[in-house]
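start-v1.txt follows (compact mmCIF, C-alpha atoms and all ligand atoms):
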```txt
# COMPACT_ATOMS: atom_id res chain seq x y z
CA MET A 759 -26.26 -135.42 -76.10
CA VAL A 760 -23.69 -133.33 -77.93
CA ARG A 761 -21.59 -131.56 -75.31
CA ALA A 762 -18.30 -129.76 -75.15
CA THR A 763 -16.30 -129.58 -71.94
CA LEU A 764 -14.50 -126.26 -71.47
CA SER A 765 -11.41 -126.51 -69.29
CA GLY A 766 -10.79 -122.76 -69.13
CA TYR A 767 -12.43 -119.70 -70.61
CA GLY A 768 -12.86 -115.99 -70.19
CA VAL A 769 -16.09 -114.03 -70.54
CA LEU A 770 -15.54 -111.22 -73.05
CA GLY A 771 -19.12 -109.97 -73.15
CA THR A 772 -22.66 -110.87 -72.06
CA GLY A 773 -26.24 -109.99 -72.87
CA ASP A 774 -25.99 -110.22 -76.66
CA VAL A 775 -29.23 -110.91 -78.46
CA LEU A 776 -28.97 -114.42 -79.94
CA THR A 777 -32.29 -114.46 -81.78
CA GLY A 778 -30.57 -113.92 -85.14
CA PHE A 779 -28.42 -117.04 -84.69
CA ALA A 780 -31.38 -119.30 -83.97
CA GLN A 781 -32.93 -121.49 -86.65
CA ASP A 782 -36.73 -121.45 -86.63
CA VAL A 783 -37.89 -125.05 -86.26
CA SER A 784 -41.63 -124.45 -85.80
CA GLN A 785 -42.27 -126.35 -89.06
CA VAL A 786 -39.89 -129.22 -88.23
CA ASP A 787 -40.87 -132.62 -86.83
CA LEU A 788 -38.24 -132.21 -84.09
CA PRO A 789 -38.64 -135.60 -82.34
CA ALA A 790 -38.16 -137.33 -85.72
CA PHE A 791 -34.99 -135.34 -86.48
CA LEU A 792 -33.70 -134.93 -82.93
CA PRO A 793 -30.03 -135.87 -83.68
CA ALA A 794 -29.87 -133.09 -86.28
CA TYR A 795 -31.01 -130.36 -83.87
CA GLU A 796 -30.21 -131.36 -80.29
CA SER A 797 -28.10 -128.85 -78.36
CA GLU A 798 -28.51 -126.29 -81.16
CA LEU A 799 -30.03 -122.86 -80.67
CA ILE A 800 -33.62 -123.00 -81.87
CA ALA A 801 -36.52 -120.59 -82.24
CA LEU A 802 -39.94 -122.16 -82.02
CA THR A 803 -43.59 -121.19 -81.69
CA GLY A 804 -46.03 -123.74 -80.27
CA THR A 805 -49.02 -124.25 -78.02
CA LEU A 806 -49.19 -126.01 -74.66
CA ASN A 807 -51.64 -128.78 -75.38
CA GLY A 808 -52.05 -130.26 -71.89
CA PRO A 809 -51.46 -129.64 -68.20
CA PHE A 810 -48.01 -129.32 -66.61
CA SER A 811 -46.47 -132.25 -64.75
CA LEU A 812 -43.21 -132.82 -62.91
CA ALA A 813 -40.08 -133.14 -65.07
CA GLY A 814 -37.20 -133.67 -62.67
CA ALA A 815 -36.33 -131.68 -59.55
CA GLY A 816 -37.45 -128.07 -59.90
CA HIS A 817 -38.77 -128.52 -63.44
CA GLU A 818 -42.16 -129.01 -65.06
CA GLN A 819 -43.24 -129.99 -68.57
CA ALA A 820 -46.37 -129.75 -70.69
CA PRO A 821 -47.31 -131.38 -74.03
CA LEU A 822 -46.33 -129.10 -76.91
CA VAL A 823 -47.76 -128.87 -80.44
CA THR A 824 -46.32 -126.91 -83.37
CA ALA A 825 -46.94 -126.71 -87.13
CA GLY A 826 -44.28 -129.44 -87.50
CA VAL A 827 -45.57 -131.58 -84.63
CA PRO A 828 -49.38 -131.39 -84.75
CA ALA A 829 -51.59 -132.76 -81.97
CA GLY A 830 -52.08 -136.51 -82.22
CA SER A 831 -49.12 -137.08 -84.57
CA PRO A 832 -46.73 -139.90 -83.55
CA SER A 833 -44.03 -137.37 -82.60
CA SER A 834 -46.42 -135.37 -80.37
CA PHE A 835 -46.27 -138.10 -77.72
CA ASN A 836 -42.56 -137.41 -77.22
CA PHE A 837 -42.62 -133.60 -77.40
CA ARG A 838 -42.79 -131.31 -74.34
CA LEU A 839 -42.05 -127.78 -73.28
CA ARG A 840 -39.84 -128.01 -70.19
CA VAL A 841 -39.65 -125.04 -67.82
CA VAL A 842 -37.92 -124.30 -64.53
CA GLU A 843 -40.71 -124.36 -61.91
CA THR A 844 -40.06 -120.87 -60.54
CA VAL A 845 -39.78 -119.45 -64.08
CA ARG A 846 -43.10 -121.04 -65.04
CA ASP A 847 -44.70 -119.48 -61.97
CA GLN A 848 -43.24 -116.09 -62.84
CA LEU A 849 -44.28 -116.31 -66.52
CA ASP A 850 -47.75 -117.64 -65.54
CA LEU A 851 -47.70 -120.38 -68.19
CA VAL A 852 -50.73 -122.70 -68.28
CA GLN A 853 -52.37 -125.18 -70.65
CA GLY A 854 -53.53 -123.36 -73.77
CA CYS A 855 -50.73 -120.76 -73.87
CA THR A 856 -49.05 -120.19 -77.26
CA VAL A 857 -45.36 -119.52 -76.69
CA SER A 858 -42.37 -118.39 -78.76
CA ILE A 859 -39.00 -119.35 -77.35
CA VAL A 860 -35.32 -119.10 -78.26
CA SER A 861 -33.05 -121.54 -76.40
CA PRO A 862 -30.77 -124.56 -76.91
CA LEU A 863 -32.71 -127.77 -77.65
CA TRP A 864 -32.77 -130.16 -74.69
CA PHE A 865 -33.86 -133.77 -74.62
CA PHE A 866 -34.34 -136.45 -71.98
CA SER A 867 -33.46 -140.10 -72.44
CA THR A 868 -33.23 -143.05 -70.09
CA GLY A 869 -30.95 -144.76 -72.62
CA THR A 870 -33.70 -147.03 -73.92
CA GLY A 871 -36.88 -146.23 -75.81
CA THR A 872 -37.72 -142.97 -77.59
CA PRO A 873 -36.20 -139.84 -76.01
CA LEU A 874 -38.42 -136.93 -74.96
CA THR A 875 -37.66 -133.87 -77.09
CA GLN A 876 -37.95 -130.90 -74.72
CA PRO A 877 -37.61 -127.34 -76.00
CA SER A 878 -36.85 -125.58 -72.72
CA VAL A 879 -37.10 -122.32 -70.82
CA TRP A 880 -34.50 -121.95 -68.09
CA ALA A 881 -34.56 -118.14 -67.89
CA PRO A 882 -37.52 -115.75 -68.41
CA GLN A 883 -35.85 -113.99 -71.33
CA GLN A 884 -35.84 -117.27 -73.34
CA LEU A 885 -39.60 -116.82 -73.65
CA VAL A 886 -39.87 -114.27 -76.44
CA SER A 887 -43.66 -113.97 -76.27
CA SER A 888 -46.72 -115.76 -74.96
CA THR A 889 -50.45 -115.54 -75.50
CA CYS A 890 -52.54 -117.33 -72.91
CA PRO A 891 -56.21 -118.13 -72.34
CA GLY A 892 -58.02 -116.09 -69.73
CA PRO A 893 -57.89 -117.10 -66.06
CA ARG A 894 -60.00 -120.12 -65.12
CA VAL A 895 -61.66 -120.55 -61.73
CA THR A 896 -60.14 -123.62 -60.06
CA GLY A 897 -62.11 -123.54 -56.80
CA ALA A 898 -63.69 -121.54 -54.00
CA GLN A 899 -63.65 -121.91 -50.23
CA ALA A 900 -65.32 -120.15 -47.32
CA ALA A 901 -62.64 -118.38 -45.30
CA GLY A 902 -64.93 -116.95 -42.62
CA PRO A 903 -68.63 -116.50 -41.81
CA GLU A 904 -68.76 -113.57 -44.28
CA SER A 905 -65.73 -114.27 -46.43
CA VAL A 906 -64.89 -116.44 -49.46
CA ILE A 907 -61.67 -117.09 -51.37
CA VAL A 908 -61.96 -117.67 -55.13
CA ARG A 909 -58.95 -119.42 -56.68
CA LEU A 910 -57.90 -119.05 -60.32
CA ASP A 911 -55.13 -120.56 -62.41
CA ARG A 912 -53.48 -117.25 -63.39
CA ARG A 913 -52.37 -114.15 -61.53
CA ILE A 914 -55.13 -111.58 -61.27
CA ASP A 915 -54.49 -107.90 -61.92
CA PRO A 916 -55.61 -106.18 -58.67
CA ALA A 917 -56.66 -103.11 -60.68
CA SER A 918 -59.23 -105.20 -62.58
CA VAL A 919 -61.10 -106.13 -59.38
CA LEU A 920 -63.67 -103.60 -58.16
CA ALA A 921 -63.71 -103.07 -54.40
CA ASP A 922 -67.52 -103.18 -54.26
CA GLY A 923 -67.57 -106.85 -55.29
CA SER A 924 -70.01 -106.19 -58.13
CA GLN A 925 -68.11 -108.54 -60.51
CA PHE A 926 -69.01 -111.54 -58.36
CA SER A 927 -72.41 -113.08 -57.77
CA ILE A 928 -73.50 -115.84 -55.41
CA ALA A 929 -77.13 -117.05 -55.38
CA GLY A 930 -78.44 -116.70 -51.82
CA LEU A 931 -75.72 -114.25 -50.72
CA THR A 932 -74.88 -110.61 -51.27
CA VAL A 933 -71.28 -109.91 -52.23
CA THR A 934 -70.28 -106.67 -50.51
CA GLY A 935 -66.59 -106.41 -51.30
CA ALA A 936 -63.66 -107.90 -53.23
CA SER A 937 -59.90 -107.60 -53.19
CA ALA A 938 -57.06 -109.22 -55.14
CA PRO A 939 -53.63 -109.31 -53.51
CA GLY A 940 -51.83 -109.86 -56.85
CA ASN A 941 -51.65 -113.65 -56.74
CA ARG A 942 -54.08 -116.26 -58.05
CA GLU A 943 -56.80 -115.54 -55.49
CA VAL A 944 -59.61 -113.06 -54.96
CA ARG A 945 -61.06 -112.57 -51.49
CA LEU A 946 -64.77 -111.70 -51.26
CA GLU A 947 -66.83 -110.25 -48.42
CA THR A 948 -70.36 -111.62 -48.31
CA SER A 949 -73.54 -111.44 -46.27
CA ALA A 950 -73.78 -114.10 -43.53
CA GLN A 951 -73.43 -117.60 -44.97
CA VAL A 952 -75.62 -120.50 -43.85
CA PRO A 953 -73.27 -123.11 -42.39
CA ARG A 954 -72.72 -126.10 -44.75
CA GLN A 955 -75.07 -124.72 -47.44
CA PHE A 956 -73.87 -125.22 -51.02
CA TYR A 957 -73.14 -122.01 -52.92
CA THR A 958 -71.84 -121.21 -56.40
CA VAL A 959 -69.81 -118.08 -57.11
CA THR A 960 -69.75 -116.66 -60.64
CA VAL A 961 -66.96 -114.32 -61.78
CA ALA A 962 -67.48 -111.62 -64.44
CA SER A 963 -65.17 -111.58 -67.46
CA THR A 964 -64.07 -108.06 -66.50
CA VAL A 965 -61.79 -109.69 -63.89
CA ARG A 966 -58.51 -109.95 -65.80
CA ASP A 967 -55.02 -111.39 -65.58
CA ASN A 968 -51.87 -109.28 -65.83
CA ALA A 969 -51.94 -109.60 -69.63
CA GLY A 970 -55.37 -107.97 -69.63
CA THR A 971 -57.28 -111.12 -70.59
CA GLY A 972 -60.66 -111.63 -68.93
CA VAL A 973 -61.82 -114.74 -67.08
CA GLU A 974 -62.68 -117.61 -69.46
CA PRO A 975 -66.48 -117.67 -69.96
CA THR A 976 -66.53 -121.49 -69.75
CA SER A 977 -64.62 -121.65 -66.44
CA ARG A 978 -65.96 -118.81 -64.34
CA THR A 979 -67.84 -120.59 -61.55
CA GLY A 980 -66.71 -122.26 -58.36
CA ASN A 981 -68.61 -124.16 -55.66
CA PHE A 982 -68.14 -123.89 -51.91
CA ARG A 983 -69.99 -124.70 -48.70
CA GLY A 984 -71.06 -122.09 -46.18
CA TRP A 985 -68.61 -121.41 -43.36
CA LYS A 986 -68.97 -123.32 -40.14
CA THR A 987 -66.96 -122.59 -37.01
CA PRO A 988 -63.96 -124.93 -37.00
CA ALA A 989 -62.98 -126.83 -33.88
CA ALA A 990 -59.62 -126.06 -32.28
CA LEU A 991 -57.75 -129.24 -31.35
CA ARG A 992 -54.61 -130.15 -29.45
CA ILE A 993 -52.63 -133.39 -29.36
CA THR A 994 -52.78 -134.97 -25.88
CA GLU A 995 -51.45 -138.49 -26.36
CA ILE A 996 -49.74 -140.69 -28.95
CA ALA A 997 -49.37 -144.47 -28.90
CA PRO A 998 -46.74 -145.22 -31.58
CA GLY A 999 -45.18 -148.58 -32.36
CA VAL A 1000 -48.42 -150.54 -31.99
CA ALA A 1001 -48.40 -153.82 -33.96
CA ASN A 1002 -49.42 -153.57 -37.65
CA GLN A 1003 -49.17 -149.74 -37.56
CA ARG A 1004 -52.48 -149.64 -35.68
CA ASP A 1005 -51.23 -146.62 -33.76
CA LEU A 1006 -53.42 -144.16 -31.89
CA MET A 1007 -53.52 -140.42 -31.33
CA GLU A 1008 -55.69 -138.66 -28.75
CA LEU A 1009 -56.78 -135.03 -29.17
CA VAL A 1010 -58.64 -132.65 -26.88
CA VAL A 1011 -61.10 -130.06 -28.15
CA LEU A 1012 -60.06 -126.54 -27.07
CA GLN A 1013 -62.89 -124.78 -28.92
CA SER A 1014 -66.22 -126.22 -30.02
CA GLY A 1015 -66.84 -126.54 -33.75
CA SER A 1016 -66.62 -128.80 -36.75
CA THR A 1017 -63.68 -131.14 -37.30
CA GLU A 1018 -64.23 -131.31 -41.06
CA GLY A 1019 -61.06 -131.16 -43.11
CA ILE A 1020 -58.73 -131.02 -40.11
CA THR A 1021 -55.72 -133.21 -40.86
CA VAL A 1022 -53.07 -135.09 -38.91
CA VAL A 1023 -49.79 -134.73 -40.75
CA ASP A 1024 -46.37 -136.28 -40.42
CA ALA A 1025 -44.47 -133.26 -41.73
CA ALA A 1026 -42.19 -135.54 -43.82
CA SER A 1027 -45.11 -136.76 -45.94
CA ALA A 1028 -47.43 -134.77 -48.19
CA THR A 1029 -50.30 -137.21 -47.60
CA PRO A 1030 -52.14 -136.69 -44.28
CA LEU A 1031 -52.16 -139.62 -41.85
CA ALA A 1032 -55.80 -138.76 -41.14
CA THR A 1033 -58.43 -136.36 -42.45
CA LEU A 1034 -61.21 -135.79 -39.91
CA PRO A 1035 -64.93 -136.04 -40.76
CA ASP A 1036 -67.55 -133.28 -40.33
CA VAL A 1037 -68.55 -133.71 -36.70
CA GLU A 1038 -69.61 -130.97 -34.26
CA VAL A 1039 -67.43 -131.54 -31.20
CA LEU A 1040 -67.65 -129.64 -27.92
CA GLU A 1041 -64.96 -127.96 -25.87
CA GLY A 1042 -63.41 -130.55 -23.56
CA ASP A 1043 -64.33 -133.53 -25.77
CA LEU A 1044 -61.66 -136.13 -26.49
CA ILE A 1045 -61.00 -137.66 -29.90
CA VAL A 1046 -59.07 -140.88 -30.48
CA ILE A 1047 -57.77 -141.42 -34.02
CA HIS A 1048 -57.24 -145.04 -35.02
CA PHE A 1049 -54.57 -145.38 -37.71
CA ASN A 1050 -54.63 -148.29 -40.16
CA PRO A 1051 -57.96 -149.51 -38.74
CA ASP A 1052 -58.77 -153.21 -38.96
CA ARG A 1053 -62.31 -153.23 -40.32
CA VAL A 1054 -62.02 -156.87 -41.39
CA THR A 1055 -61.55 -158.78 -38.15
CA PRO A 1056 -64.98 -158.91 -36.46
CA GLY A 1057 -65.33 -156.91 -33.27
CA VAL A 1058 -61.97 -155.08 -33.44
CA ASP A 1059 -62.40 -151.72 -35.18
CA ALA A 1060 -65.73 -150.16 -36.10
CA PRO A 1061 -66.85 -149.91 -39.75
CA GLY A 1062 -65.98 -146.20 -39.72
CA SER A 1063 -65.62 -143.00 -37.72
CA GLU A 1064 -68.24 -142.04 -35.13
CA LEU A 1065 -70.28 -139.24 -36.72
CA THR A 1066 -73.28 -138.82 -34.41
CA SER A 1067 -72.13 -139.52 -30.84
CA LYS A 1068 -69.17 -140.78 -28.81
CA THR A 1069 -70.90 -144.13 -28.44
CA ALA A 1070 -72.15 -144.52 -32.02
CA TRP A 1071 -69.89 -147.59 -32.32
CA PRO A 1072 -69.81 -148.75 -28.67
CA GLN A 1073 -66.81 -150.37 -27.01
CA ALA A 1074 -68.94 -153.40 -26.05
CA GLN A 1075 -69.26 -154.14 -29.75
CA TYR A 1076 -65.90 -152.84 -31.03
CA ALA A 1077 -63.16 -153.52 -28.51
CA SER A 1078 -60.72 -150.84 -29.65
CA ASN A 1079 -63.22 -147.97 -29.32
CA TYR A 1080 -63.56 -145.68 -26.29
CA ASP A 1081 -67.05 -144.75 -25.07
CA THR A 1082 -65.63 -141.57 -23.50
CA ALA A 1083 -64.20 -140.25 -26.79
CA TRP A 1084 -65.05 -139.70 -30.44
CA ASP A 1085 -63.40 -142.60 -32.28
CA PHE A 1086 -62.24 -141.42 -35.71
CA GLN A 1087 -60.41 -143.56 -38.25
CA GLY A 1088 -57.25 -142.50 -40.06
CA GLY A 1089 -55.59 -143.77 -43.22
CA THR A 1090 -53.58 -146.93 -43.76
CA PHE A 1091 -50.28 -145.57 -42.38
CA GLY A 1092 -49.32 -145.47 -38.72
CA ILE A 1093 -46.94 -143.24 -36.78
CA SER A 1094 -43.33 -143.59 -38.00
CA GLY A 1095 -40.34 -143.63 -35.65
CA GLY A 1096 -37.12 -141.60 -35.51
CA GLN A 1097 -37.17 -137.79 -35.68
CA ARG A 1098 -40.71 -136.69 -36.50
CA VAL A 1099 -42.87 -133.60 -36.35
CA HIS A 1100 -46.53 -134.49 -36.09
CA ARG A 1101 -49.02 -131.71 -36.36
CA ILE A 1102 -52.69 -130.90 -36.60
CA ARG A 1103 -53.68 -128.58 -39.45
CA ASP A 1104 -56.96 -126.77 -39.92
CA GLN A 1105 -58.93 -126.69 -43.16
CA MET A 1106 -56.92 -123.70 -44.42
CA GLY A 1107 -53.61 -125.45 -43.73
CA ASN A 1108 -52.68 -123.53 -40.56
CA THR A 1109 -50.93 -125.48 -37.82
CA LEU A 1110 -53.13 -125.92 -34.73
CA ASP A 1111 -50.64 -127.95 -32.68
CA ALA A 1112 -47.38 -129.82 -33.12
CA LEU A 1113 -45.19 -132.36 -31.35
CA ALA A 1114 -41.49 -132.50 -32.24
CA ALA A 1115 -40.14 -135.88 -31.11
CA VAL A 1116 -36.81 -137.67 -31.56
CA ILE A 1117 -35.06 -140.93 -30.81
CA PRO A 1118 -31.53 -139.70 -29.98
CA GLY A 1119 -29.72 -142.86 -31.14
CA PHE A 1120 -31.65 -143.04 -34.41
CA THR A 1121 -29.96 -142.11 -37.71
CA PRO A 1122 -30.58 -138.36 -38.18
CA ILE A 1123 -33.37 -137.74 -40.70
CA PRO A 1124 -32.14 -134.79 -42.84
CA ALA A 1125 -35.61 -133.22 -43.24
CA TYR A 1126 -36.30 -133.08 -39.50
CA PRO A 1127 -34.46 -129.86 -38.54
CA VAL A 1128 -36.22 -128.04 -41.40
CA GLN A 1129 -39.62 -129.17 -40.12
CA LEU A 1130 -38.67 -128.27 -36.56
CA GLN A 1131 -37.56 -124.79 -37.66
CA ALA A 1132 -40.84 -124.29 -39.54
CA ARG A 1133 -42.86 -125.05 -36.37
CA GLN A 1134 -40.60 -122.70 -34.37
CA ALA A 1135 -41.25 -119.98 -36.95
CA GLU A 1136 -45.01 -120.57 -36.56
CA GLY A 1137 -44.75 -120.16 -32.79
CA GLN A 1138 -45.82 -123.78 -32.27
CA TRP A 1139 -42.56 -125.00 -30.71
CA SER A 1140 -40.11 -123.43 -28.27
CA PRO A 1141 -37.39 -122.32 -27.94
CA SER A 1142 -37.85 -120.34 -31.14
CA ASP A 1143 -34.23 -121.03 -32.18
CA CYS A 1144 -31.03 -122.58 -30.83
CA ASN A 1145 -29.02 -119.80 -29.22
CA GLY A 1146 -29.79 -117.33 -31.99
CA VAL A 1147 -29.24 -119.74 -34.91
CA PRO A 1148 -31.58 -122.24 -36.58
CA CYS A 1149 -31.75 -125.57 -34.72
CA THR A 1150 -29.78 -128.30 -36.53
CA TYR A 1151 -28.19 -131.56 -35.48
CA ASN A 1152 -24.96 -129.57 -34.94
CA SER A 1153 -26.30 -126.44 -33.21
CA PHE A 1154 -26.03 -125.93 -29.45
CA PRO A 1155 -28.50 -126.80 -28.12
CA SER A 1156 -29.15 -129.25 -30.97
CA ALA A 1157 -32.37 -130.26 -32.72
CA PHE A 1158 -32.25 -133.37 -30.50
CA ASP A 1159 -31.90 -131.31 -27.31
CA VAL A 1160 -35.00 -129.14 -27.88
CA SER A 1161 -37.23 -132.06 -28.94
CA PHE A 1162 -39.06 -134.67 -26.89
CA ASP A 1163 -37.34 -138.06 -26.59
CA TRP A 1164 -40.06 -140.57 -27.37
CA GLY A 1165 -37.76 -143.57 -27.94
CA SER A 1166 -39.14 -145.63 -25.04
CA ALA A 1167 -42.68 -145.33 -26.37
CA PHE A 1168 -41.90 -147.87 -29.11
CA PRO A 1169 -42.52 -151.09 -27.20
CA ILE A 1170 -41.22 -154.53 -28.04
CA GLY A 1171 -44.26 -156.56 -29.00
CA GLY A 1172 -46.21 -153.58 -30.30
CA THR A 1173 -48.51 -152.91 -27.35
CA LYS A 1174 -50.09 -149.57 -26.46
CA THR A 1175 -49.49 -149.67 -22.72
CA THR A 1176 -46.85 -146.90 -22.65
CA THR A 1177 -47.67 -143.70 -24.50
CA VAL A 1178 -46.34 -140.22 -25.16
CA GLY A 1179 -48.62 -137.91 -23.18
CA ARG A 1180 -49.04 -134.23 -22.47
CA VAL A 1181 -48.71 -133.48 -18.74
CA LEU A 1182 -51.59 -131.10 -18.10
CA PRO A 1183 -51.89 -128.19 -18.40
CA GLY A 1184 -48.81 -128.67 -20.62
CA ASP A 1185 -49.24 -125.79 -23.05
CA SER A 1186 -45.78 -124.21 -23.15
CA ASP A 1187 -45.03 -125.65 -26.62
CA THR A 1188 -41.84 -127.25 -25.33
CA ALA A 1189 -40.54 -130.78 -24.81
CA SER A 1190 -41.22 -130.36 -21.07
CA ASP A 1191 -44.99 -130.48 -21.79
CA TRP A 1192 -44.55 -134.17 -22.58
CA ALA A 1193 -43.75 -137.35 -20.66
CA LEU A 1194 -43.88 -141.09 -21.15
CA GLY A 1195 -46.35 -142.94 -18.98
CA PRO A 1196 -49.13 -145.47 -18.79
CA ALA A 1197 -51.78 -145.07 -21.51
CA THR A 1198 -54.85 -142.97 -20.66
CA LEU A 1199 -56.42 -143.16 -24.12
CA GLY A 1200 -59.99 -141.91 -24.13
CA VAL A 1201 -59.48 -140.34 -20.71
CA LEU A 1202 -58.18 -136.82 -19.99
CA ASN A 1203 -54.49 -136.87 -19.07
CA GLY A 1204 -53.48 -135.98 -15.51
CA THR A 1205 -51.14 -133.35 -14.08
CA VAL A 1206 -48.54 -136.09 -13.52
CA ARG A 1207 -47.69 -139.12 -15.63
CA CA A 1301 -66.35 -143.73 -28.89
CA CA A 1302 -55.45 -139.46 -22.45
```
Once you've parsed the file, please lay out its structure as structure tokens.
Ligand SMILES: [Ca+2]
Ligand SMILES: [Ca+2]
Amino acid sequence: MVRATLSGYGVLGTGDVLTGFAQDVSQVDLPAFLPAYESELIALTGTLNGPFSLAGAGHEQAPLVTAGVPAGSPSSFNFRLRVVETVRDQLDLVQGCTVSIVSPLWFFSTGTGTPLTQPSVWAPQQLVSSTCPGPRVTGAQAAGPESVIVRLDRRIDPASVLADGSQFSIAGLTVTGASAPGNREVRLETSAQVPRQFYTVTVASTVRDNAGTGVEPTSRTGNFRGWKTPAALRITEIAPGVANQRDLMELVVLQSGSTEGITVVDAASATPLATLPDVEVLEGDLIVIHFNPDRVTPGVDAPGSELTSKTAWPQAQYASNYDTAWDFQGGTFGISGGQRVHRIRDQMGNTLDALAAVIPGFTPIPAYPVQLQARQAEGQWSPSDCNGVPCTYNSFPSAFDVSFDWGSAFPIGGTKTTTVGRVLPGDSDTASDWALGPATLGVLNGTVR
């Protein structure tokens, strides 16, 4: 890339309009003539011909077509609009937008193969104009017994949404109200939904984005299932360090309801360790989640989660199951060691419970204090800070000090005899709720361990 290194300079003026200096390259096959244009100020009009994807930290890119680089031409496979993530969010750019930009021409190369030619937008003012398709419905979800959230791919103008809900229709339900908070969602009030029933919501084209464009006629419906009361769950016991990552987690049901869509998350990973099935559990029930289940070796783990009763896959037949608990199966990853925040999230993504655990001698994991602070901010872990400042490895007390030390729960030989357990009632959201002790999986923990 052509670059100049400036060793010293003074700023004599800013904010000048550069449009007049830019050469319009909308007709040029830019990838074919990249060396002639790279790093030069260009003006270009083109259309985003595909969805956005990641393009380096904090950036996204989408396939771009222009008069000079038409769709399907050889050069089109190496031609992208690259945008800073936050700028794209602010400008509301999506597939199908036609954009005019003025900015220096960027490209990306690994040193081998054909470089990606990437006209770029780093600052909002580099987008001179844009014309986008109308908002498209991307999904819908029940948010309460008489409430639904409709999600769209562009910001909705709150003034375009009528409070009486008359722009939305759902067969089998009456829509009684609607509101748009100014983001990419609309919240509807409905008559009482039938739990688990399938519904389709249809949005009128008079619902518009901030540019005044109505909802796309071809993408104006979303499906959802009728609201059912969600179960409230709490972590009671964790057996980490079991051989072959076949770790276990025990939960207690605090409020009867469905477990559908509840996830177990290691806060460091975007992928849940387990996503629970749709089972109606009762207050006081215990659930044991089996991570990385062994469904191959006969008689070890059941073929799947128990969906109909706590003894659907009985212990006599499947040795690892507990007849006193719902045995659910997780994904293929177990519980990792070191500094970890494990949490239970409901279907909407809210944290139901969390355990912040550390191994003091373990190499500090940089992400851990951030995750700990997030749980403190949610009111799921105490103290809420470390002497008035965010808890870090260097604060006093430190992130280690306010977390539970679970180091001795990782046994040599990978057994599950010693576990991390909540000492009942143990609901102060602090490390003192927890103790190491003999496993009581499938059985309610005691008041001592
Ligand atoms: Ca069972
Ligand atoms: Ca237990």
Please tabulate, as JSON lines, the residues of stretch 1043-1160 of chain A that come within 8 Å of stretch 1011-1023 of chain A, each with its closest pair of atoms and the distance in Å to one decimal, counting all atoms listed in the file and ordering rows by chain, then residue number upward.
```
{"residue": "A:Asp1043", "atom": "CA", "partner": "A:Val1011", "partner_atom": "CA", "distance": 5.3}
{"residue": "A:Leu1044", "atom": "CA", "partner": "A:Val1011", "partner_atom": "CA", "distance": 6.3}
{"residue": "A:Ile1045", "atom": "CA", "partner": "A:Val1011", "partner_atom": "CA", "distance": 7.8}
{"residue": "A:His1100", "atom": "CA", "partner": "A:Val1023", "partner_atom": "CA", "distance": 5.7}
{"residue": "A:Arg1101", "atom": "CA", "partner": "A:Val1023", "partner_atom": "CA", "distance": 5.4}
{"residue": "A:Ile1102", "atom": "CA", "partner": "A:Val1022", "partner_atom": "CA", "distance": 4.8}
{"residue": "A:Arg1103", "atom": "CA", "partner": "A:Thr1021", "partner_atom": "CA", "distance": 5.3}
{"residue": "A:Asp1104", "atom": "CA", "partner": "A:Ile1020", "partner_atom": "CA", "distance": 4.6}
{"residue": "A:Gln1105", "atom": "CA", "partner": "A:Gly1019", "partner_atom": "CA", "distance": 5.0}
```
Which chains and residue numbers are within 6 Å of ligand CA 1301 (chain A), counting all atoms listed in the file, if I want them as number ranges by chain? A: 1068-1069, 1079-1085
Per residue of stretch 842-921 of chain A within 8 Å of stretch 977-995 of chain A, record the nearest atom pair and its distance in Å to one decimal, counting all atoms listed in the file, with rows in chain order and ascending residue number, as a Markdown table.
```
| residue | atom | partner | partner_atom | distance |
| --- | --- | --- | --- | --- |
| A:Arg894 | CA | A:Ser977 | CA | 5.0 |
| A:Val895 | CA | A:Arg978 | CA | 5.3 |
| A:Thr896 | CA | A:Gly980 | CA | 6.9 |
| A:Gly897 | CA | A:Gly980 | CA | 5.0 |
| A:Ala898 | CA | A:Gly980 | CA | 5.4 |
| A:Gln899 | CA | A:Phe982 | CA | 5.2 |
| A:Ala900 | CA | A:Trp985 | CA | 5.3 |
| A:Ala901 | CA | A:Trp985 | CA | 7.0 |
| A:Gly902 | CA | A:Trp985 | CA | 5.8 |
| A:Pro903 | CA | A:Trp985 | CA | 5.1 |
| A:Glu904 | CA | A:Trp985 | CA | 7.9 |
| A:Val908 | CA | A:Gly980 | CA | 7.4 |
```
Calculated over all atoms listed in the file, which of the candidates A:Asn1108, A:Asn1203, A:Gln1138, A:Thr1175 has the smallest distance to ligand CA 1302 (chain A)? A:Asn1203
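Minimum distance to ligand CA 1302 (chain A) across A:Thr1177, A:Ser1186, A:Thr964, A:Thr1033 (counting only C-alpha atoms and all ligand atoms) occurs at A:Thr1177.
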Using only C-alpha atoms for the distances, tell me which of A:Thr1066, A:Gln853, A:Thr1188, A:Gln876 is nearest to A:Leu802. A:Gln876
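Neighbours of ligand CA 1302 (chain A) at a cut-off of 9 Å, computed so that all atoms listed in the file are counted, are the residues Thr994, Glu995, Ile996, Glu1008, Leu1009, Val1010, Leu1044, Val1046, Gly1179, Arg1180, Ala1197, Thr1198, Leu1199, Gly1200, Val1201, Leu1202, Asn1203 and Gly1204 of chain A.
Using all atoms listed in the file, the protein and nucleic acid residues lying no more than 8 Å from stretch 925-927 of chain A, apart from those fewer than 3 places from it along its own chain, are Val919, Leu920, Leu931, Thr932, Val933, Val959, Thr960, Val961, Ala962, Thr964 and Val965 of chain A.
Near A:Arg1207, within 8 Å and counting all atoms listed in the file, sit Gly1179, Val1181, Ala1193, Leu1194, Gly1195 and Pro1196 of chain A, not including residues fewer than 5 positions from it in the same chain.
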